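Undergrad: Take a look at protein_11.cif, mmCIF, C-alpha atoms and all ligand atoms:
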data_work
#
loop_
_atom_site.label_atom_id
_atom_site.label_comp_id
_atom_site.auth_asym_id
_atom_site.auth_seq_id
_atom_site.Cartn_x
_atom_site.Cartn_y
_atom_site.Cartn_z
CA MET A 1 103.49 79.63 88.12
CA LYS A 2 104.34 82.85 86.27
CA VAL A 3 104.04 86.09 88.23
CA PHE A 4 104.04 89.63 86.83
CA LEU A 5 105.34 92.42 89.10
CA SER A 6 104.41 95.98 88.13
CA VAL A 7 106.77 98.13 90.19
CA ASP A 8 106.13 101.77 91.04
CA MET A 9 108.06 103.68 93.70
CA GLU A 10 106.04 106.32 95.58
CA GLY A 11 104.30 103.68 97.72
CA VAL A 12 107.50 102.17 99.14
CA ALA A 13 107.98 102.47 102.93
CA GLY A 14 110.34 105.35 103.74
CA ILE A 15 109.67 107.31 100.56
CA VAL A 16 107.83 110.61 101.15
CA ASP A 17 109.25 113.08 98.63
CA TRP A 18 109.98 113.41 94.91
CA ALA A 19 113.64 113.96 95.86
CA GLN A 20 113.72 110.29 96.84
CA CYS A 21 112.12 108.89 93.71
CA LEU A 22 113.25 110.98 90.76
CA ALA A 23 116.69 110.39 89.27
CA THR A 24 117.54 114.10 89.61
CA GLY A 25 116.60 114.11 93.30
CA ASP A 26 119.31 114.56 95.92
CA ASP A 27 118.01 111.58 97.92
CA TYR A 28 117.35 109.20 95.00
CA ARG A 29 119.95 106.67 96.12
CA LEU A 30 118.05 106.10 99.36
CA GLY A 31 114.82 105.63 97.43
CA ARG A 32 116.43 103.06 95.16
CA ASP A 33 117.80 101.09 98.11
CA LEU A 34 114.36 101.03 99.73
CA LEU A 35 112.75 99.99 96.44
CA ILE A 36 115.00 97.00 95.73
CA GLY A 37 114.34 95.73 99.27
CA GLU A 38 110.57 95.64 98.69
CA VAL A 39 110.87 94.20 95.17
CA ASN A 40 113.02 91.36 96.45
CA ALA A 41 110.65 90.68 99.34
CA ALA A 42 107.84 90.29 96.78
CA ILE A 43 109.95 88.04 94.55
CA ASP A 44 110.95 85.86 97.50
CA GLY A 45 107.32 85.66 98.66
CA ALA A 46 106.21 84.66 95.16
CA GLN A 47 108.83 81.94 95.02
CA ALA A 48 107.78 80.67 98.44
CA ALA A 49 104.27 80.22 96.95
CA GLY A 50 105.68 78.26 94.01
CA ALA A 51 106.41 80.91 91.38
CA THR A 52 108.93 79.65 88.87
CA ASP A 53 108.97 82.60 86.47
CA ILE A 54 108.93 86.21 87.60
CA LEU A 55 108.88 89.27 85.37
CA VAL A 56 109.60 92.65 86.97
CA ASN A 57 108.22 95.54 84.91
CA ASP A 58 109.80 98.78 86.15
CA ALA A 59 106.89 101.23 85.89
CA HIS A 60 108.24 104.36 87.57
CA SER A 61 109.41 107.58 85.87
CA PHE A 62 112.14 106.65 83.37
CA MET A 63 111.58 103.00 84.34
CA ARG A 64 115.18 102.03 85.05
CA ASN A 65 115.28 102.31 88.83
CA LEU A 66 116.64 98.88 89.76
CA PRO A 67 120.12 97.33 89.58
CA PRO A 68 119.34 94.13 87.58
CA ALA A 69 122.02 91.97 89.22
CA GLU A 70 120.54 92.66 92.65
CA LEU A 71 117.12 91.27 91.72
CA SER A 72 116.30 88.16 93.67
CA GLY A 73 115.17 84.88 92.09
CA ARG A 74 116.85 85.58 88.74
CA ALA A 75 113.79 87.63 87.85
CA ALA A 76 113.65 88.99 84.31
CA TYR A 77 113.70 92.79 84.23
CA LEU A 78 111.68 94.85 81.77
CA SER A 79 113.07 98.38 81.94
CA GLY A 80 113.35 101.62 80.02
CA ARG A 81 110.89 104.24 78.87
CA PHE A 82 108.30 104.26 76.12
CA LYS A 83 106.63 100.92 76.64
CA PRO A 84 103.33 100.63 74.73
CA LEU A 85 101.49 99.09 77.69
CA TYR A 86 103.41 101.29 80.12
CA MET A 87 102.98 99.99 83.71
CA MET A 88 101.57 96.71 82.33
CA GLU A 89 104.05 96.03 79.54
CA GLY A 90 105.08 92.38 79.42
CA LEU A 91 101.83 90.95 80.76
CA ASP A 92 100.09 88.28 78.70
CA SER A 93 97.66 85.45 79.31
CA SER A 94 100.45 83.02 80.25
CA PHE A 95 100.73 84.65 83.72
CA GLN A 96 98.78 83.30 86.71
CA ALA A 97 98.92 86.51 88.77
CA ALA A 98 99.91 90.17 88.80
CA VAL A 99 101.29 92.08 91.80
CA PHE A 100 101.26 95.91 92.07
CA LEU A 101 104.20 96.99 94.23
CA GLY A 102 105.00 100.47 95.58
CA TYR A 103 101.75 101.94 94.25
CA HIS A 104 100.37 105.32 95.40
CA ALA A 105 96.93 106.90 95.75
CA ALA A 106 94.91 108.61 93.00
CA ILE A 107 95.42 112.33 92.39
CA GLU A 108 92.34 113.44 94.31
CA THR A 109 93.32 111.43 97.41
CA PRO A 110 95.53 112.88 100.19
CA GLY A 111 97.90 109.89 100.02
CA ILE A 112 101.66 110.22 99.79
CA LEU A 113 102.77 111.69 96.43
CA SER A 114 99.29 110.99 95.04
CA HIS A 115 98.82 111.31 91.29
CA THR A 116 97.25 109.51 88.35
CA TYR A 117 99.89 108.98 85.68
CA ASN A 118 100.71 112.69 85.29
CA PRO A 119 100.03 115.07 88.20
CA ARG A 120 100.47 118.09 85.93
CA ALA A 121 97.84 116.92 83.44
CA PHE A 122 95.24 114.76 85.24
CA ALA A 123 93.14 116.31 88.02
CA SER A 124 90.71 113.39 88.28
CA VAL A 125 89.96 110.08 86.57
CA ARG A 126 86.79 108.05 87.06
CA LEU A 127 86.16 104.59 85.68
CA ASN A 128 82.47 103.70 85.43
CA GLY A 129 81.76 106.55 87.85
CA THR A 130 84.25 105.46 90.53
CA VAL A 131 87.45 107.39 91.28
CA THR A 132 90.39 105.39 90.03
CA GLY A 133 94.13 105.63 90.42
CA GLU A 134 96.69 103.76 88.38
CA ALA A 135 95.70 100.33 89.74
CA GLY A 136 92.15 100.55 88.35
CA LEU A 137 93.40 101.75 84.97
CA ASN A 138 96.05 99.03 84.83
CA ALA A 139 93.37 96.47 85.77
CA LEU A 140 91.90 97.04 82.29
CA VAL A 141 94.99 95.31 80.86
CA ALA A 142 94.82 92.47 83.40
CA GLN A 143 91.16 92.01 82.47
CA HIS A 144 92.03 91.77 78.76
CA PHE A 145 94.56 89.00 79.46
CA GLY A 146 92.40 87.30 82.11
CA VAL A 147 95.02 87.63 84.86
CA PRO A 148 93.99 88.23 88.51
CA VAL A 149 95.65 91.10 90.41
CA ALA A 150 96.53 89.40 93.68
CA VAL A 151 98.34 92.05 95.74
CA ILE A 152 98.88 95.80 95.98
CA THR A 153 101.39 97.44 98.33
CA GLY A 154 101.55 101.08 99.43
CA ASP A 155 99.75 103.33 101.91
CA GLN A 156 96.28 102.95 103.47
CA TYR A 157 94.52 104.31 100.35
CA VAL A 158 95.78 102.04 97.57
CA GLY A 159 93.90 98.89 98.60
CA PRO A 160 90.41 100.45 98.91
CA GLU A 161 90.99 102.32 95.61
CA ALA A 162 91.95 99.13 93.76
CA GLU A 163 89.30 96.85 95.27
CA PRO A 164 86.33 97.98 93.08
CA PHE A 165 88.34 97.02 89.99
CA CYS A 166 90.41 94.10 91.32
CA PRO A 167 88.01 92.00 93.43
CA GLY A 168 89.67 90.12 96.29
CA ILE A 169 92.97 91.99 95.96
CA ARG A 170 95.14 91.78 99.10
CA ALA A 171 96.36 95.18 100.32
CA ILE A 172 99.68 95.35 102.15
CA GLU A 173 100.01 98.65 104.02
CA VAL A 174 103.66 99.57 104.52
CA LYS A 175 103.03 103.16 105.55
CA GLU A 176 100.29 105.48 106.70
CA SER A 177 100.03 108.72 104.75
CA LEU A 178 99.43 111.81 106.85
CA SER A 179 99.53 114.20 103.88
CA ARG A 180 100.87 114.13 100.31
CA TYR A 181 104.37 114.68 101.71
CA SER A 182 104.43 112.91 105.07
CA ALA A 183 103.84 109.38 106.28
CA LEU A 184 104.34 107.11 109.23
CA ASN A 185 106.56 104.42 107.71
CA GLN A 186 107.05 100.85 108.79
CA HIS A 187 110.72 100.01 109.33
CA PRO A 188 112.01 98.62 106.01
CA GLN A 189 112.59 95.18 107.50
CA THR A 190 109.03 95.12 108.82
CA ALA A 191 107.77 96.20 105.39
CA TRP A 192 109.78 93.41 103.74
CA GLU A 193 108.30 90.82 106.11
CA LEU A 194 104.76 92.09 105.51
CA ILE A 195 105.33 91.94 101.74
CA PHE A 196 106.97 88.51 101.80
CA ASP A 197 104.16 87.01 103.90
CA GLY A 198 101.36 88.80 102.05
CA VAL A 199 102.57 87.90 98.56
CA ARG A 200 103.24 84.28 99.58
CA ASP A 201 99.80 83.88 101.16
CA ALA A 202 97.92 85.63 98.34
CA LEU A 203 99.64 83.63 95.61
CA ALA A 204 99.11 80.35 97.46
CA GLU A 205 95.37 80.99 96.99
CA VAL A 206 95.53 82.56 93.54
CA SER A 207 93.44 79.80 91.93
CA ASP A 208 90.48 81.15 93.97
CA LEU A 209 90.99 84.66 92.61
CA ALA A 210 89.15 85.99 89.54
CA PRO A 211 90.58 88.45 87.01
CA PRO A 212 89.19 92.00 87.01
CA ALA A 213 85.61 92.15 85.71
CA ILE A 214 85.07 95.85 85.02
CA GLU A 215 81.63 96.26 83.49
CA LEU A 216 81.72 96.76 79.72
CA PRO A 217 81.30 98.97 77.87
CA ALA A 218 83.39 100.97 80.31
CA THR A 219 83.51 104.76 80.55
CA LEU A 220 86.46 106.92 81.58
CA GLU A 221 85.75 110.46 82.71
CA ILE A 222 88.88 112.59 82.85
CA ARG A 223 89.36 116.07 84.28
CA PHE A 224 92.49 117.88 83.15
CA THR A 225 94.38 120.72 84.77
CA SER A 226 93.80 123.02 81.77
CA PRO A 227 91.16 123.53 79.04
CA ASP A 228 93.82 123.19 76.32
CA MET A 229 94.46 119.61 77.40
CA ALA A 230 90.75 118.77 77.20
CA GLU A 231 90.67 120.28 73.71
CA GLN A 232 93.74 118.27 72.67
CA ALA A 233 92.25 115.06 74.09
CA THR A 234 89.28 115.36 71.69
CA TRP A 235 91.70 114.83 68.79
CA VAL A 236 91.56 111.14 69.74
CA ARG A 237 88.56 109.49 68.08
CA GLY A 238 85.76 108.70 70.49
CA VAL A 239 86.78 111.28 73.10
CA THR A 240 84.00 113.78 73.78
CA ARG A 241 84.14 117.09 75.61
CA VAL A 242 82.08 117.22 78.83
CA ASP A 243 82.97 120.72 80.04
CA SER A 244 85.88 123.14 79.67
CA VAL A 245 88.38 120.85 81.40
CA SER A 246 86.70 117.41 81.21
CA VAL A 247 86.30 114.68 78.60
CA ALA A 248 84.77 111.20 78.48
CA LEU A 249 85.33 108.09 76.42
CA THR A 250 83.55 104.74 76.31
CA GLU A 251 84.81 101.42 74.90
CA ASP A 252 83.66 97.82 75.03
CA ASP A 253 87.25 96.57 74.72
CA PRO A 254 89.24 97.12 77.95
CA LEU A 255 92.63 97.05 76.21
CA ARG A 256 91.52 99.67 73.67
CA LEU A 257 90.25 101.89 76.51
CA PHE A 258 93.61 101.57 78.28
CA ARG A 259 95.53 102.35 75.08
CA GLU A 260 93.41 105.44 74.46
CA PHE A 261 94.06 106.59 78.02
CA ILE A 262 97.82 106.12 77.52
CA THR A 263 97.57 108.08 74.26
CA LEU A 264 96.11 110.95 76.30
CA VAL A 265 98.97 110.59 78.82
CA TYR A 266 101.56 111.01 76.07
CA LEU A 267 99.60 113.64 74.13
CA THR A 268 98.89 116.01 77.01
CA ARG A 269 102.54 115.99 78.06
CA SER A 270 103.15 118.53 75.31
CA LEU A 271 100.91 121.03 77.14
CA VAL A 272 102.09 120.49 80.71
CA ASP A 273 103.06 123.79 82.26
CA THR A 274 106.64 124.04 83.41
CA TYR A 275 107.21 126.83 85.85
ZN ZN B 301 105.75 106.34 90.07
#
Give the structure from the file, written as structure tokens.
TA:
Amino acid sequence: MKVFLSVDMEGVAGIVDWAQCLATGDDYRLGRDLLIGEVNAAIDGAQAAGATDILVNDAHSFMRNLPPAELSGRAAYLSGRFKPLYMMEGLDSSFQAAVFLGYHAAIETPGILSHTYNPRAFASVRLNGTVTGEAGLNALVAQHFGVPVAVITGDQYVGPEAEPFCPGIRAIEVKESLSRYSALNQHPQTAWELIFDGVRDALAEVSDLAPPAIELPATLEIRFTSPDMAEQATWVRGVTRVDSVSVALTEDDPLRLFREFITLVYLTRSLVDTY
């Protein structure tokens, strides 16, 4: 069994601030230590369910947040920035399951460090009319390759947000967000046990799980933080202006829709206000 681990960071138990999950932050070392603990719990759980091949795709910030030699299970490590499929780079149809670890809520949700790809560019993203965070967007890639998304870990919001796009996904709640900057965290060892057990149990039943089946053609509606970004987004073919800050795009190919979204992520970076 081949398992794909897409690893973010804001949803890890104990992490509540950018200072703990950005390389320039004064508490980044703590964040990294907490992250490797959860990644290894997921790897060990996958192996307990029979996984023989595990690929860890580092999907957070500059995407080199893990010490490779400390990865459990001799997992392969896909790291570094500018990956064409971003948080889903490395996935293909040879995998039996995907796991989303350390994920966070969508930008319009009061979950810890909530955002959708870029908090300075995206104010809201809807997929077929339903609010989506990164899990729902990434599910477009899993759908293209026909791979079920078995597990998501994070706060109380990430599971319900992913469920409309990843049917049957198992949510493992390692903390309870109280605001975007505070949470009641499980002790790391408790979080590791929850993740180990949850990943093992979900993957043991993965043959019963279907890949995402987002209705096609699918429509993304995106609200930006500034009108200039909406204008810039219309430079991509197929993107139409809805109002001063909003655009929409529709595709019958889920991978193409994801790629166009990622193009907008990269493109609108040039207009993000720094203050
Ligand atoms: Zn992140």
Undergrad: Give me, as JSON lines, each residue of segment 142-169 of chain A that comes within 10 Å of segment 11-34 of chain A, together with its shortest interatomic pair and the distance in Å at one decimal, counting only C-alpha atoms, with rows ordered by chain and rising residue number.
TA:
{"residue": "A:Ile152", "atom": "CA", "partner": "A:Gly11", "partner_atom": "CA", "distance": 9.7}
{"residue": "A:Thr153", "atom": "CA", "partner": "A:Gly11", "partner_atom": "CA", "distance": 6.9}
{"residue": "A:Gly154", "atom": "CA", "partner": "A:Gly11", "partner_atom": "CA", "distance": 4.2}
{"residue": "A:Asp155", "atom": "CA", "partner": "A:Gly11", "partner_atom": "CA", "distance": 6.2}
{"residue": "A:Gln156", "atom": "CA", "partner": "A:Gly11", "partner_atom": "CA", "distance": 9.9}
{"residue": "A:Val158", "atom": "CA", "partner": "A:Gly11", "partner_atom": "CA", "distance": 8.7}
Undergrad: Any chance you can output those residues with C-alpha atoms as a short mmCIF file (atom, residue, chain, number, x, y, z; two decimals), in the coordinates of the input?
TA:
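Saved result, out-v5.cif, follows:
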data_model
loop_
_atom_site.label_atom_id
_atom_site.label_comp_id
_atom_site.auth_asym_id
_atom_site.auth_seq_id
_atom_site.Cartn_x
_atom_site.Cartn_y
_atom_site.Cartn_z
CA ILE A 152 98.88 95.80 95.98
CA THR A 153 101.39 97.44 98.33
CA GLY A 154 101.55 101.08 99.43
CA ASP A 155 99.75 103.33 101.91
CA GLN A 156 96.28 102.95 103.47
CA VAL A 158 95.78 102.04 97.57
#
Undergrad: Give me, as a list in words, all polymer residues having an atom no more than 8 Å from Glu108 of chain A, counting all atoms listed in the file and skipping those fewer than 4 positions away in the same chain.
TA: Ser114, His115, Ala123 and Ser124 of chain A
Undergrad: Restricting the calculation to all atoms listed in the file: of A:Val236, A:Ala202, A:Leu194, A:Leu35, which residue gets closest to ligand ZN 301 (chain B)?
TA: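 The shortest atom-to-atom distance to ligand ZN 301 (chain B) comes from A:Leu35.
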Undergrad: So which residues are near ligand ZN 301 (chain B), meaning at most 7 Å away with all atoms listed in the file counted, given back as a PyMOL selection string?
TA: chain A and resi 8-10+59-61
Undergrad: Take the residues that were just selected and, keeping C-alpha atoms, output them as an mmCIF file, in the frame of the given file.
TA:
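Once written, result-v6.cif looks like this:
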data_model
loop_
_atom_site.group_PDB
_atom_site.id
_atom_site.type_symbol
_atom_site.label_atom_id
_atom_site.label_comp_id
_atom_site.auth_asym_id
_atom_site.auth_seq_id
_atom_site.Cartn_x
_atom_site.Cartn_y
_atom_site.Cartn_z
ATOM 1 C CA ASP A 8 106.130 101.770 91.040
ATOM 2 C CA MET A 9 108.060 103.680 93.700
ATOM 3 C CA GLU A 10 106.040 106.320 95.580
ATOM 4 C CA ALA A 59 106.890 101.230 85.890
ATOM 5 C CA HIS A 60 108.240 104.360 87.570
ATOM 6 C CA SER A 61 109.410 107.580 85.870
#
Undergrad: What does the distance from atom CA of Ser93 of chain A to atom CA of Val147 of chain A come to in Å, to one decimal?
TA: 6.5 Å
Undergrad: Using Å and a single decimal, report how far atom CA of Phe122 of chain A sits from atom CA of Glu134 of chain A.
TA: 11.5 Å
